[in-house]
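The data block below is coords-v3.cif; it holds mmCIF, C-alpha atoms and all ligand atoms.
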```
data_coords
loop_
_atom_site.label_atom_id
_atom_site.label_comp_id
_atom_site.auth_asym_id
_atom_site.auth_seq_id
_atom_site.Cartn_x
_atom_site.Cartn_y
_atom_site.Cartn_z
CA MET O 2 52.81 138.94 -0.75
CA SER O 3 49.20 140.08 -0.56
CA HIS O 4 48.37 143.73 -0.26
CA ALA O 5 45.37 145.50 1.20
CA PRO O 6 43.23 146.76 -1.70
CA LEU O 7 43.69 150.32 -2.84
CA GLU O 8 40.51 152.24 -2.03
CA ALA O 9 38.87 154.47 -4.63
CA LEU O 10 38.21 158.14 -3.88
CA PRO O 11 34.68 158.98 -2.71
CA LEU O 12 32.15 159.97 -5.37
CA GLU O 13 31.91 163.56 -4.10
CA VAL O 14 35.65 163.98 -4.71
CA LEU O 15 35.55 162.22 -8.08
CA ARG O 16 32.78 164.53 -9.24
CA ARG O 17 35.20 167.43 -8.78
CA ARG O 18 37.51 165.87 -11.38
CA SER O 19 37.43 167.58 -14.77
CA SER O 20 38.35 164.62 -16.99
CA THR O 21 36.20 162.98 -19.67
CA LYS O 22 34.91 160.33 -17.29
CA TRP O 23 33.40 162.95 -15.00
CA ARG O 24 32.42 165.71 -17.42
CA THR O 25 30.66 163.87 -20.23
CA TYR O 26 27.40 163.07 -18.44
CA PRO O 27 25.35 164.77 -15.73
CA ASP O 28 25.79 163.77 -12.09
CA ASP O 29 22.83 161.37 -12.08
CA VAL O 30 24.73 159.08 -14.47
CA LEU O 31 27.33 156.65 -13.10
CA PRO O 32 30.28 156.82 -15.52
CA MET O 33 31.67 153.33 -16.24
CA PHE O 34 32.73 153.88 -19.86
CA VAL O 35 36.14 155.44 -20.59
CA ALA O 36 39.28 153.77 -19.19
CA GLU O 37 40.08 156.09 -16.30
CA THR O 38 40.27 154.75 -12.75
CA ASP O 39 38.86 156.22 -9.54
CA TYR O 40 41.92 155.63 -7.36
CA PRO O 41 44.16 158.28 -5.80
CA LEU O 42 47.53 158.67 -7.54
CA ALA O 43 50.54 156.66 -6.39
CA PRO O 44 52.27 158.81 -3.70
CA ALA O 45 55.57 158.98 -5.61
CA ILE O 46 53.72 160.44 -8.61
CA THR O 47 51.86 162.98 -6.48
CA ALA O 48 55.13 164.08 -4.87
CA ARG O 49 56.96 164.41 -8.19
CA LEU O 50 54.17 166.41 -9.84
CA ALA O 51 53.66 168.61 -6.75
CA GLU O 52 57.35 169.49 -6.77
CA ALA O 53 57.18 170.36 -10.47
CA VAL O 54 54.11 172.57 -9.91
CA ALA O 55 55.73 174.28 -6.92
CA ILE O 56 58.72 175.45 -8.99
CA GLY O 57 56.86 176.05 -12.26
CA ASP O 58 58.64 173.16 -13.95
CA THR O 59 56.23 173.22 -16.87
CA GLY O 60 58.48 173.56 -19.88
CA TYR O 61 59.49 171.12 -22.58
CA THR O 62 60.56 167.54 -21.97
CA PRO O 63 64.37 167.27 -21.90
CA PRO O 64 66.30 165.00 -24.29
CA ASP O 65 66.63 162.23 -21.69
CA PRO O 66 64.05 162.38 -18.90
CA GLY O 67 65.14 158.93 -17.71
CA LEU O 68 62.23 157.01 -19.22
CA GLY O 69 64.34 154.27 -20.83
CA ARG O 70 66.18 153.43 -17.61
CA ALA O 71 63.02 153.64 -15.51
CA PHE O 72 61.02 151.39 -17.87
CA ALA O 73 63.88 148.90 -18.23
CA ALA O 74 64.13 148.54 -14.45
CA PHE O 75 60.33 148.21 -14.15
CA SER O 76 59.96 145.61 -16.88
CA GLN O 77 62.85 143.58 -15.46
CA ARG O 78 61.39 143.64 -11.95
CA ARG O 79 57.78 143.08 -12.87
CA PHE O 80 57.91 140.84 -15.95
CA GLY O 81 61.49 139.54 -16.20
CA TRP O 82 61.67 141.42 -19.53
CA THR O 83 65.15 142.72 -20.25
CA VAL O 84 64.82 146.01 -22.12
CA ASP O 85 67.76 147.98 -23.42
CA PRO O 86 67.14 151.59 -22.26
CA GLU O 87 68.78 152.78 -25.48
CA ARG O 88 65.98 151.12 -27.44
CA VAL O 89 63.19 153.09 -25.74
CA ARG O 90 61.80 156.27 -27.26
CA SER O 91 58.87 158.34 -26.02
CA THR O 92 55.94 160.06 -27.65
CA ALA O 93 52.71 161.66 -26.48
CA ASP O 94 50.47 158.63 -26.25
CA VAL O 95 50.21 155.03 -27.29
CA MET O 96 47.94 155.65 -30.24
CA MET O 97 50.27 158.33 -31.60
CA GLY O 98 53.13 155.83 -31.36
CA VAL O 99 51.02 153.28 -33.24
CA VAL O 100 50.18 155.74 -36.03
CA GLU O 101 53.80 156.81 -36.47
CA LEU O 102 55.09 153.23 -36.49
CA LEU O 103 52.45 152.26 -39.04
CA ARG O 104 53.43 155.21 -41.22
CA ALA O 105 57.07 154.13 -40.99
CA THR O 106 56.48 150.44 -41.77
CA THR O 107 53.67 150.46 -44.35
CA ALA O 108 52.72 152.31 -47.51
CA PRO O 109 49.44 154.18 -47.99
CA GLY O 110 46.65 151.74 -48.81
CA ASP O 111 48.35 148.75 -47.13
CA ARG O 112 46.14 146.50 -45.06
CA VAL O 113 46.72 146.11 -41.32
CA VAL O 114 45.30 143.18 -39.37
CA ILE O 115 43.37 143.70 -36.13
CA ALA O 116 41.56 141.15 -33.98
CA PRO O 117 38.11 142.49 -33.15
CA PRO O 118 36.34 142.98 -30.90
CA VAL O 119 39.11 145.46 -30.15
CA TYR O 120 39.73 148.96 -28.74
CA PRO O 121 37.92 151.22 -31.26
CA PRO O 122 40.82 153.65 -31.93
CA PHE O 123 42.77 150.77 -33.51
CA ALA O 124 40.66 151.06 -36.67
CA ILE O 125 40.62 154.85 -36.50
CA CYS O 126 44.41 155.07 -36.18
CA ILE O 127 45.04 152.60 -39.00
CA GLU O 128 42.99 154.92 -41.19
CA GLU O 129 44.84 157.95 -39.82
CA ALA O 130 48.07 156.27 -40.98
CA GLY O 131 46.62 155.95 -44.48
CA CYS O 132 46.10 152.18 -44.27
CA LEU O 133 43.08 149.88 -44.49
CA VAL O 134 41.70 147.75 -41.69
CA GLU O 135 41.79 143.97 -42.18
CA PRO O 136 39.71 142.39 -39.41
CA VAL O 137 40.57 138.85 -38.37
CA PRO O 138 38.18 138.37 -35.43
CA LEU O 139 39.27 136.72 -32.20
CA GLN O 140 37.93 133.23 -31.74
CA ALA O 141 35.30 133.33 -29.03
CA PRO O 142 35.60 130.99 -26.05
CA THR O 143 34.01 127.58 -26.55
CA ALA O 144 33.46 124.67 -24.21
CA ASP O 145 36.89 123.36 -25.25
CA THR O 146 38.97 126.53 -25.24
CA ASP O 147 39.84 128.51 -22.20
CA GLY O 148 39.12 132.05 -23.30
CA TRP O 149 39.48 134.08 -26.46
CA ARG O 150 42.15 133.07 -28.96
CA LEU O 151 43.90 134.70 -31.88
CA ASP O 152 42.84 133.20 -35.20
CA LEU O 153 46.40 132.42 -36.30
CA ALA O 154 45.30 130.64 -39.47
CA GLY O 155 43.16 133.67 -40.39
CA ILE O 156 46.08 136.03 -39.75
CA GLU O 157 48.34 133.82 -41.87
CA ARG O 158 45.80 134.02 -44.72
CA ALA O 159 45.53 137.81 -44.41
CA LEU O 160 49.30 138.32 -44.45
CA GLY O 161 49.69 135.77 -47.24
CA ASP O 162 47.15 137.82 -49.12
CA GLY O 163 49.23 140.98 -48.79
CA ALA O 164 48.42 142.61 -45.42
CA ARG O 165 51.61 144.26 -44.16
CA ALA O 166 51.22 144.58 -40.41
CA VAL O 167 49.40 143.23 -37.36
CA LEU O 168 48.22 145.63 -34.69
CA LEU O 169 48.08 143.44 -31.61
CA CYS O 170 46.55 144.28 -28.24
CA ASN O 171 48.44 142.29 -25.57
CA PRO O 172 46.75 142.12 -23.07
CA HIS O 173 43.60 142.56 -25.11
CA ASN O 174 41.03 145.32 -24.65
CA PRO O 175 38.06 144.62 -24.22
CA THR O 176 38.25 140.88 -23.45
CA GLY O 177 41.18 141.09 -20.99
CA THR O 178 42.90 138.21 -22.77
CA VAL O 179 46.56 137.61 -21.95
CA TYR O 180 47.87 135.64 -24.90
CA PRO O 181 49.88 132.45 -24.34
CA ALA O 182 53.57 132.75 -25.24
CA ALA O 183 53.20 129.97 -27.80
CA ASP O 184 50.52 131.91 -29.72
CA LEU O 185 52.65 135.05 -29.71
CA ALA O 186 55.67 133.10 -30.96
CA ALA O 187 53.52 131.54 -33.68
CA LEU O 188 52.24 134.99 -34.64
CA ALA O 189 55.84 136.22 -34.89
CA ASP O 190 56.74 133.30 -37.18
CA ILE O 191 53.75 134.06 -39.40
CA ALA O 192 54.71 137.74 -39.62
CA ALA O 193 58.33 136.85 -40.43
CA ARG O 194 57.25 134.41 -43.15
CA HIS O 195 55.33 137.19 -44.87
CA GLY O 196 57.72 140.07 -44.21
CA ALA O 197 55.17 141.83 -41.99
CA VAL O 198 55.62 143.66 -38.69
CA VAL O 199 53.73 143.27 -35.41
CA ILE O 200 52.96 146.42 -33.47
CA SER O 201 51.98 145.32 -29.99
CA ASP O 202 50.04 147.64 -27.69
CA GLU O 203 51.01 146.53 -24.18
CA ILE O 204 49.38 149.31 -22.19
CA HIS O 205 47.44 146.92 -19.91
CA GLY O 206 50.54 144.78 -19.15
CA PRO O 207 51.13 146.12 -15.61
CA LEU O 208 47.62 145.06 -14.56
CA VAL O 209 47.77 141.32 -15.24
CA ARG O 210 46.04 139.38 -12.46
CA GLY O 211 48.02 137.24 -10.03
CA GLY O 212 48.73 133.71 -11.23
CA VAL O 213 48.52 134.63 -14.93
CA THR O 214 51.72 134.77 -16.98
CA TYR O 215 52.00 137.83 -19.18
CA THR O 216 54.40 137.51 -22.10
CA PRO O 217 55.49 140.86 -23.52
CA PHE O 218 55.42 140.29 -27.29
CA LEU O 219 59.11 141.10 -27.80
CA THR O 220 60.05 138.31 -25.38
CA ALA O 221 57.91 135.60 -27.01
CA SER O 222 60.78 134.37 -29.23
CA PRO O 223 63.90 135.67 -31.01
CA THR O 224 61.70 136.14 -34.10
CA ALA O 225 59.21 138.23 -32.11
CA ALA O 226 62.13 140.43 -31.01
CA GLU O 227 62.96 140.91 -34.69
CA VAL O 228 59.52 141.65 -36.14
CA GLY O 229 57.93 143.43 -33.19
CA PHE O 230 57.47 146.93 -31.87
CA ALA O 231 55.97 147.37 -28.38
CA VAL O 232 54.08 150.53 -27.54
CA THR O 233 53.18 151.05 -23.91
CA SER O 234 52.59 153.60 -21.21
CA ALA O 235 52.07 154.04 -17.48
CA SER O 236 48.82 155.79 -18.33
CA LYS O 237 46.28 152.98 -17.77
CA ALA O 238 47.72 151.38 -14.64
CA TYR O 239 48.51 154.72 -12.99
CA ASN O 240 45.68 156.82 -14.48
CA LEU O 241 47.94 159.33 -16.22
CA ALA O 242 46.28 159.54 -19.65
CA GLY O 243 45.96 163.33 -19.60
CA LEU O 244 49.71 163.83 -19.08
CA LYS O 245 50.73 162.50 -22.50
CA CYS O 246 53.66 160.15 -22.35
CA ALA O 247 54.05 156.73 -23.99
CA LEU O 248 56.97 154.52 -24.94
CA MET O 249 58.03 152.73 -28.11
CA VAL O 250 60.26 149.77 -27.32
CA THR O 251 62.28 147.62 -29.72
CA ALA O 252 64.70 144.72 -29.39
CA HIS O 253 66.47 144.46 -32.75
CA ASP O 254 68.70 146.80 -34.72
CA ARG O 255 66.32 146.93 -37.68
CA THR O 256 63.26 147.89 -35.65
CA THR O 257 65.31 150.25 -33.49
CA ALA O 258 66.48 151.99 -36.66
CA VAL O 259 62.83 152.45 -37.70
CA VAL O 260 62.01 154.17 -34.39
CA ARG O 261 65.12 156.35 -34.64
CA SER O 262 64.14 157.36 -38.16
CA LEU O 263 60.82 158.83 -37.01
CA ASN O 264 60.44 162.57 -37.31
CA PRO O 265 62.02 164.17 -34.19
CA GLU O 266 58.69 165.91 -33.54
CA VAL O 267 57.22 162.52 -32.56
CA GLU O 268 59.41 162.39 -29.46
CA TRP O 269 59.25 166.14 -28.88
CA ARG O 270 55.49 165.81 -28.29
CA THR O 271 56.03 163.88 -25.04
CA GLY O 272 54.47 165.81 -22.15
CA LEU O 273 56.93 166.78 -19.40
CA PHE O 274 54.42 165.97 -16.64
CA GLY O 275 53.78 162.64 -18.35
CA ALA O 276 57.50 161.83 -18.39
CA LEU O 277 58.01 162.88 -14.75
CA ALA O 278 54.96 160.87 -13.65
CA ALA O 279 55.96 157.80 -15.68
CA VAL O 280 59.47 157.76 -14.19
CA ALA O 281 57.91 157.93 -10.70
CA ALA O 282 55.38 155.21 -11.65
CA PHE O 283 58.05 152.83 -12.93
CA ASP O 284 60.19 153.35 -9.80
CA ALA O 285 60.27 150.50 -7.28
CA ALA O 286 58.77 152.93 -4.75
CA SER O 287 55.44 152.65 -6.64
CA ASP O 288 55.33 148.83 -6.72
CA GLU O 289 53.39 148.57 -3.49
CA TRP O 290 50.73 150.96 -4.80
CA LEU O 291 50.47 148.98 -8.05
CA ASP O 292 50.03 145.72 -6.16
CA ALA O 293 47.37 147.32 -3.96
CA GLU O 294 45.57 148.40 -7.13
CA ARG O 295 45.80 144.87 -8.53
CA THR O 296 44.29 143.57 -5.29
CA ALA O 297 41.46 146.09 -5.57
CA LEU O 298 40.82 145.02 -9.18
CA GLU O 299 40.84 141.35 -8.19
CA ARG O 300 38.24 142.11 -5.53
CA ASN O 301 36.05 143.87 -8.10
CA ARG O 302 36.51 141.13 -10.68
CA THR O 303 35.09 138.59 -8.25
CA LEU O 304 32.42 140.98 -7.05
CA LEU O 305 31.25 141.62 -10.60
CA THR O 306 30.91 137.88 -11.22
CA GLU O 307 28.78 137.62 -8.07
CA LEU O 308 26.68 140.69 -8.91
CA LEU O 309 25.94 139.44 -12.42
CA ARG O 310 25.07 135.97 -11.17
CA THR O 311 22.67 137.41 -8.61
CA HIS O 312 21.13 140.34 -10.47
CA LEU O 313 21.65 139.76 -14.21
CA PRO O 314 21.77 135.99 -14.60
CA LEU O 315 21.31 136.13 -18.38
CA ALA O 316 24.49 138.20 -18.83
CA ARG O 317 27.52 136.32 -20.14
CA TYR O 318 30.88 137.41 -18.82
CA ARG O 319 34.32 135.86 -18.56
CA GLU O 320 36.59 137.44 -15.94
CA PRO O 321 39.40 139.33 -17.70
CA ASP O 322 42.95 138.20 -16.97
CA ALA O 323 44.22 141.77 -17.08
CA GLY O 324 43.05 145.32 -16.66
CA TYR O 325 39.82 146.78 -15.31
CA LEU O 326 37.50 146.38 -18.28
CA ALA O 327 34.71 143.81 -18.38
CA TRP O 328 33.28 142.66 -21.70
CA ILE O 329 29.70 141.60 -21.03
CA ASP O 330 27.20 140.01 -23.41
CA VAL O 331 23.76 141.27 -22.39
CA SER O 332 22.05 140.35 -25.66
CA ALA O 333 19.60 138.05 -23.85
CA TYR O 334 17.93 141.12 -22.32
CA GLY O 335 16.69 142.47 -25.65
CA TRP O 336 18.35 145.88 -25.37
CA GLY O 337 19.30 145.87 -29.05
CA ASP O 338 22.65 145.83 -30.82
CA ASP O 339 23.99 148.66 -28.68
CA PRO O 340 22.67 148.09 -25.14
CA ALA O 341 24.77 150.97 -23.75
CA VAL O 342 22.39 153.44 -25.43
CA HIS O 343 19.35 151.98 -23.68
CA LEU O 344 21.09 151.60 -20.32
CA ARG O 345 22.40 155.15 -20.22
CA ARG O 346 18.88 156.44 -20.71
CA THR O 347 17.03 154.01 -18.45
CA ALA O 348 19.53 152.85 -15.79
CA LYS O 349 21.62 156.04 -15.84
CA VAL O 350 24.81 154.03 -16.16
CA ALA O 351 27.24 155.03 -18.92
CA LEU O 352 28.95 151.99 -20.47
CA HIS O 353 31.13 151.70 -23.55
CA HIS O 354 29.26 150.73 -26.73
CA GLY O 355 29.86 147.10 -27.78
CA PRO O 356 29.46 147.64 -31.56
CA GLU O 357 32.21 150.30 -31.55
CA PHE O 358 34.64 147.40 -30.96
CA GLY O 359 33.51 145.74 -34.20
CA PRO O 360 30.37 143.94 -35.35
CA GLU O 361 31.32 141.13 -32.92
CA GLY O 362 30.37 143.58 -30.16
CA ARG O 363 26.66 143.67 -30.97
CA GLY O 364 24.68 143.03 -27.80
CA TYR O 365 27.76 143.69 -25.61
CA VAL O 366 28.74 146.47 -23.25
CA ARG O 367 32.17 147.23 -21.82
CA LEU O 368 32.17 148.15 -18.16
CA ASN O 369 35.07 149.81 -16.32
CA PHE O 370 35.40 148.34 -12.82
CA GLY O 371 38.35 150.50 -11.73
CA CYS O 372 36.07 152.01 -9.10
CA SER O 373 34.89 151.33 -5.55
CA PRO O 374 32.94 148.13 -4.83
CA GLU O 375 30.02 150.38 -3.84
CA VAL O 376 29.89 152.14 -7.23
CA LEU O 377 30.22 148.81 -9.04
CA THR O 378 27.37 147.36 -6.97
CA GLU O 379 25.17 150.37 -7.59
CA ALA O 380 25.80 150.24 -11.34
CA ILE O 381 24.75 146.60 -11.60
CA GLU O 382 21.76 147.15 -9.30
CA ARG O 383 20.60 150.06 -11.47
CA ILE O 384 20.86 147.90 -14.60
CA ALA O 385 19.12 144.99 -12.84
CA ALA O 386 16.27 147.29 -11.79
CA VAL O 387 15.72 148.18 -15.46
CA ALA O 388 15.76 144.49 -16.42
CA GLY O 389 13.30 143.72 -13.63
CA THR O 390 10.89 146.52 -14.52
CA GLU O 391 10.93 145.53 -18.18
CA ARG O 392 10.31 141.89 -17.32
CA ALA O 393 7.39 142.86 -15.07
CA SER O 394 5.78 144.95 -17.80
CA ALA O 395 6.38 142.43 -20.57
C1 LIG W 401 44.56 149.03 -25.58
C2 LIG W 401 44.66 150.51 -25.40
N1 LIG W 401 45.56 151.20 -26.10
C3 LIG W 401 45.68 152.52 -25.98
C4 LIG W 401 44.88 153.22 -25.11
C5 LIG W 401 45.02 154.70 -25.05
O1 LIG W 401 46.31 155.03 -24.68
P1 LIG W 401 46.86 156.47 -25.00
O2 LIG W 401 45.97 157.44 -24.29
O3 LIG W 401 48.24 156.43 -24.44
O4 LIG W 401 46.83 156.61 -26.48
C6 LIG W 401 43.92 152.55 -24.36
C7 LIG W 401 43.04 153.29 -23.48
O5 LIG W 401 42.13 152.80 -22.89
C8 LIG W 401 43.82 151.16 -24.50
O6 LIG W 401 42.92 150.46 -23.80
#
```
For the file at hand, write its structure as structure tokens.
Ligand SMILES: Cc1ncc(COP(=O)(O)O)c(C=O)c1O
Amino acid sequence: MSHAPLEALPLEVLRRRSSTKWRTYPDDVLPMFVAETDYPLAPAITARLAEAVAIGDTGYTPPDPGLGRAFAAFSQRRFGWTVDPERVRSTADVMMGVVELLRATTAPGDRVVIAPPVYPPFAICIEEAGCLVEPVPLQAPTADTDGWRLDLAGIERALGDGARAVLLCNPHNPTGTVYPAADLAALADIAARHGAVVISDEIHGPLVRGGVTYTPFLTASPTAAEVGFAVTSASKAYNLAGLKCALMVTAHDRTTAVVRSLNPEVEWRTGLFGALAAVAAFDAASDEWLDAERTALERNRTLLTELLRTHLPLARYREPDAGYLAWIDVSAYGWGDDPAVHLRRTAKVALHHGPEFGPEGRGYVRLNFGCSPEVLTEAIERIAAVAGTERASA
């Protein structure tokens, strides 16, 4: 069933928002950096939060706010992933879940594999957990491969060499890669062979594009269910990051025991508004909104391809299979290792800095297209105007 695209709020409304996206730069800068979207909230979330505000329901999160049941129903409906509600625990955000799971499964000084270019807090949180980062870069697309791939042989070498865990991003930020089930199953086998765990950040899972099969890591194989921890949240798809609620999901008694052994404070830190909003997000009543958002993102994905082809033909970009983040190689324009610095100053467009995702990100920017087609068009036109002026004066 196709849905009309969800329409973003107008810029004059968005500029009244007080979040990072809207309060980091002055109004003459178009903010396309941090992963917040410009859409109105799903109506069921608005209603639930409005009711809570009306009665001052702003206390602590109760022992069972219904997150396990809500997420299990959502994952069954949307992905065919059978989750046992008893094996779902909450915490404040995905990265806090990652840090706590790393602390519980590794010892200080252990090495943890990541696949850069990857979401910059991965490295930061591995260090917060007292571990060391072991980069095994993604394999870039070639003429023969369709998209970015995990370097499974490299991961096998790293784990064989003593690394204790893999911090996976599935779907991947910033490339938007949705890993094939076979690669995830192979990764699980490698981890099992070396007694390592896989912590899989699945926050972008709800936003996989139509026609692409998303395999939640825990469903990739019985071994994946044994070695894996999934950490996820409604916060990216439903723009709820400020409300502080994420989920840790397991599928085996051993991993479930690890989550249950975490300090009770980890769960206590879940925000009540985050829990209320997530339950409303995962409810079937919000499915239509989510599909309308996915339609809007599909429209922007195609639009961005067109805009780049027309206005920035030297840019290299592969449409992401999930999410609203575009990973764009603009190195041909000569804007240096970190083009976002130059473009914020000259084009007045704020993009995420490629090199923060790892050295593989030199010459890249990450652009958030969870906005209106008009804002996306203006951003690319502003950047193209800079490219044009520079070419003319060269
Ligand atoms: C892959 C990934 N993980 C985690 C997060 C942050 O999630 P949280 O705010 O729940 O820590 C983001 C935000 O963009 C993300 O892209």
Please, which residues are within 6 Å of (25.7, 141.0, -21.1) by the file's coordinates, counting only C-alpha atoms, and could they come as a ChimeraX atom specification?
/O:316-317,329-332,365
Enter the distance from atom CA of Gly272 of chain O to atom CA of Ala53 of chain O, in Å, rounded to one decimal.
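That distance, rounded to one decimal, is 12.8 Å.
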Atom CA of Gly389 of chain O to atom CA of His354 of chain O, straight-line distance in Å:
21.8 Å
Please report, as JSON lines, each residue of chain O lying at most 9 Å from ligand LIG 401 (chain W), together with the nearest pair of atoms and the separation in Å rounded to one decimal; use only C-alpha atoms and all ligand atoms, and order rows by chain and ascending residue number.
```
{"residue": "O:Val35", "atom": "CA", "partner": "W:LIG401", "partner_atom": "O5", "distance": 6.9}
{"residue": "O:Ala36", "atom": "CA", "partner": "W:LIG401", "partner_atom": "O5", "distance": 4.8}
{"residue": "O:Glu37", "atom": "CA", "partner": "W:LIG401", "partner_atom": "O5", "distance": 7.6}
{"residue": "O:Ala93", "atom": "CA", "partner": "W:LIG401", "partner_atom": "O3", "distance": 7.2}
{"residue": "O:Asp94", "atom": "CA", "partner": "W:LIG401", "partner_atom": "O3", "distance": 3.6}
{"residue": "O:Val95", "atom": "CA", "partner": "W:LIG401", "partner_atom": "O3", "distance": 3.7}
{"residue": "O:Met96", "atom": "CA", "partner": "W:LIG401", "partner_atom": "O4", "distance": 4.0}
{"residue": "O:Met97", "atom": "CA", "partner": "W:LIG401", "partner_atom": "O4", "distance": 6.4}
{"residue": "O:Gly98", "atom": "CA", "partner": "W:LIG401", "partner_atom": "O4", "distance": 8.0}
{"residue": "O:Val99", "atom": "CA", "partner": "W:LIG401", "partner_atom": "O4", "distance": 8.6}
{"residue": "O:Val119", "atom": "CA", "partner": "W:LIG401", "partner_atom": "C1", "distance": 8.0}
{"residue": "O:Tyr120", "atom": "CA", "partner": "W:LIG401", "partner_atom": "C1", "distance": 5.8}
{"residue": "O:Pro121", "atom": "CA", "partner": "W:LIG401", "partner_atom": "C2", "distance": 9.0}
{"residue": "O:Pro122", "atom": "CA", "partner": "W:LIG401", "partner_atom": "C3", "distance": 7.8}
{"residue": "O:Phe123", "atom": "CA", "partner": "W:LIG401", "partner_atom": "N1", "distance": 7.9}
{"residue": "O:Leu169", "atom": "CA", "partner": "W:LIG401", "partner_atom": "C1", "distance": 8.9}
{"residue": "O:Cys170", "atom": "CA", "partner": "W:LIG401", "partner_atom": "C1", "distance": 5.8}
{"residue": "O:Asn171", "atom": "CA", "partner": "W:LIG401", "partner_atom": "C1", "distance": 7.8}
{"residue": "O:Pro172", "atom": "CA", "partner": "W:LIG401", "partner_atom": "C1", "distance": 7.7}
{"residue": "O:His173", "atom": "CA", "partner": "W:LIG401", "partner_atom": "C1", "distance": 6.6}
{"residue": "O:Asn174", "atom": "CA", "partner": "W:LIG401", "partner_atom": "C1", "distance": 5.2}
{"residue": "O:Pro175", "atom": "CA", "partner": "W:LIG401", "partner_atom": "O6", "distance": 7.6}
{"residue": "O:Asp202", "atom": "CA", "partner": "W:LIG401", "partner_atom": "N1", "distance": 5.9}
{"residue": "O:Glu203", "atom": "CA", "partner": "W:LIG401", "partner_atom": "C1", "distance": 7.1}
{"residue": "O:Ile204", "atom": "CA", "partner": "W:LIG401", "partner_atom": "N1", "distance": 5.8}
{"residue": "O:His205", "atom": "CA", "partner": "W:LIG401", "partner_atom": "C1", "distance": 6.7}
{"residue": "O:Val232", "atom": "CA", "partner": "W:LIG401", "partner_atom": "N1", "distance": 8.7}
{"residue": "O:Thr233", "atom": "CA", "partner": "W:LIG401", "partner_atom": "O3", "distance": 7.3}
{"residue": "O:Ser234", "atom": "CA", "partner": "W:LIG401", "partner_atom": "O3", "distance": 6.1}
{"residue": "O:Ala235", "atom": "CA", "partner": "W:LIG401", "partner_atom": "O3", "distance": 8.3}
{"residue": "O:Ser236", "atom": "CA", "partner": "W:LIG401", "partner_atom": "O3", "distance": 6.2}
{"residue": "O:Lys237", "atom": "CA", "partner": "W:LIG401", "partner_atom": "C7", "distance": 6.6}
{"residue": "O:Leu241", "atom": "CA", "partner": "W:LIG401", "partner_atom": "O2", "distance": 8.5}
{"residue": "O:Ala242", "atom": "CA", "partner": "W:LIG401", "partner_atom": "O2", "distance": 5.1}
{"residue": "O:Gly243", "atom": "CA", "partner": "W:LIG401", "partner_atom": "O2", "distance": 7.5}
{"residue": "O:Lys245", "atom": "CA", "partner": "W:LIG401", "partner_atom": "O3", "distance": 6.8}
{"residue": "O:Cys246", "atom": "CA", "partner": "W:LIG401", "partner_atom": "O3", "distance": 6.9}
{"residue": "O:Ala247", "atom": "CA", "partner": "W:LIG401", "partner_atom": "O3", "distance": 5.8}
{"residue": "O:Leu248", "atom": "CA", "partner": "W:LIG401", "partner_atom": "O3", "distance": 9.0}
{"residue": "O:Gly324", "atom": "CA", "partner": "W:LIG401", "partner_atom": "O6", "distance": 8.8}
{"residue": "O:Leu326", "atom": "CA", "partner": "W:LIG401", "partner_atom": "O6", "distance": 8.7}
```
For C-alpha atoms, I'd like the residues from the last selection saved as a compact mmCIF listing (two decimals), in the coordinates of the input.
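Resulting contents of selection.txt:
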```txt
# COMPACT_ATOMS: atom_id res chain seq x y z
CA VAL O 35 36.14 155.44 -20.59
CA ALA O 36 39.28 153.77 -19.19
CA GLU O 37 40.08 156.09 -16.30
CA ALA O 93 52.71 161.66 -26.48
CA ASP O 94 50.47 158.63 -26.25
CA VAL O 95 50.21 155.03 -27.29
CA MET O 96 47.94 155.65 -30.24
CA MET O 97 50.27 158.33 -31.60
CA GLY O 98 53.13 155.83 -31.36
CA VAL O 99 51.02 153.28 -33.24
CA VAL O 119 39.11 145.46 -30.15
CA TYR O 120 39.73 148.96 -28.74
CA PRO O 121 37.92 151.22 -31.26
CA PRO O 122 40.82 153.65 -31.93
CA PHE O 123 42.77 150.77 -33.51
CA LEU O 169 48.08 143.44 -31.61
CA CYS O 170 46.55 144.28 -28.24
CA ASN O 171 48.44 142.29 -25.57
CA PRO O 172 46.75 142.12 -23.07
CA HIS O 173 43.60 142.56 -25.11
CA ASN O 174 41.03 145.32 -24.65
CA PRO O 175 38.06 144.62 -24.22
CA ASP O 202 50.04 147.64 -27.69
CA GLU O 203 51.01 146.53 -24.18
CA ILE O 204 49.38 149.31 -22.19
CA HIS O 205 47.44 146.92 -19.91
CA VAL O 232 54.08 150.53 -27.54
CA THR O 233 53.18 151.05 -23.91
CA SER O 234 52.59 153.60 -21.21
CA ALA O 235 52.07 154.04 -17.48
CA SER O 236 48.82 155.79 -18.33
CA LYS O 237 46.28 152.98 -17.77
CA LEU O 241 47.94 159.33 -16.22
CA ALA O 242 46.28 159.54 -19.65
CA GLY O 243 45.96 163.33 -19.60
CA LYS O 245 50.73 162.50 -22.50
CA CYS O 246 53.66 160.15 -22.35
CA ALA O 247 54.05 156.73 -23.99
CA LEU O 248 56.97 154.52 -24.94
CA GLY O 324 43.05 145.32 -16.66
CA LEU O 326 37.50 146.38 -18.28
```
Give me the box for segment 253-256 of chain O as JSON, namely the centre and edge lengths in Å to one decimal of a box along x, y and z that holds every listed atom plus 4 Å on each side.
```
{"center_x": 66.0, "center_y": 146.2, "center_z": -35.2, "size_x": 13.4, "size_y": 11.4, "size_z": 12.9}
```
May I have the protein, DNA and RNA residues with any atom at most 12 Å from the point (34.6, 129.9, -21.9), counting only C-alpha atoms, written as JSON, numbers by chain?
{"O": [140, 141, 142, 143, 144, 145, 146, 147, 148, 149, 150, 176, 178, 317, 318, 319, 320, 321]}
Any idea what's packed within 7 Å of Phe218 of chain O, counting only C-alpha atoms, ignoring anything in its chain fewer than 5 positions away? Could you give it as a VMD selection string?
chain O and resid 185 201 225
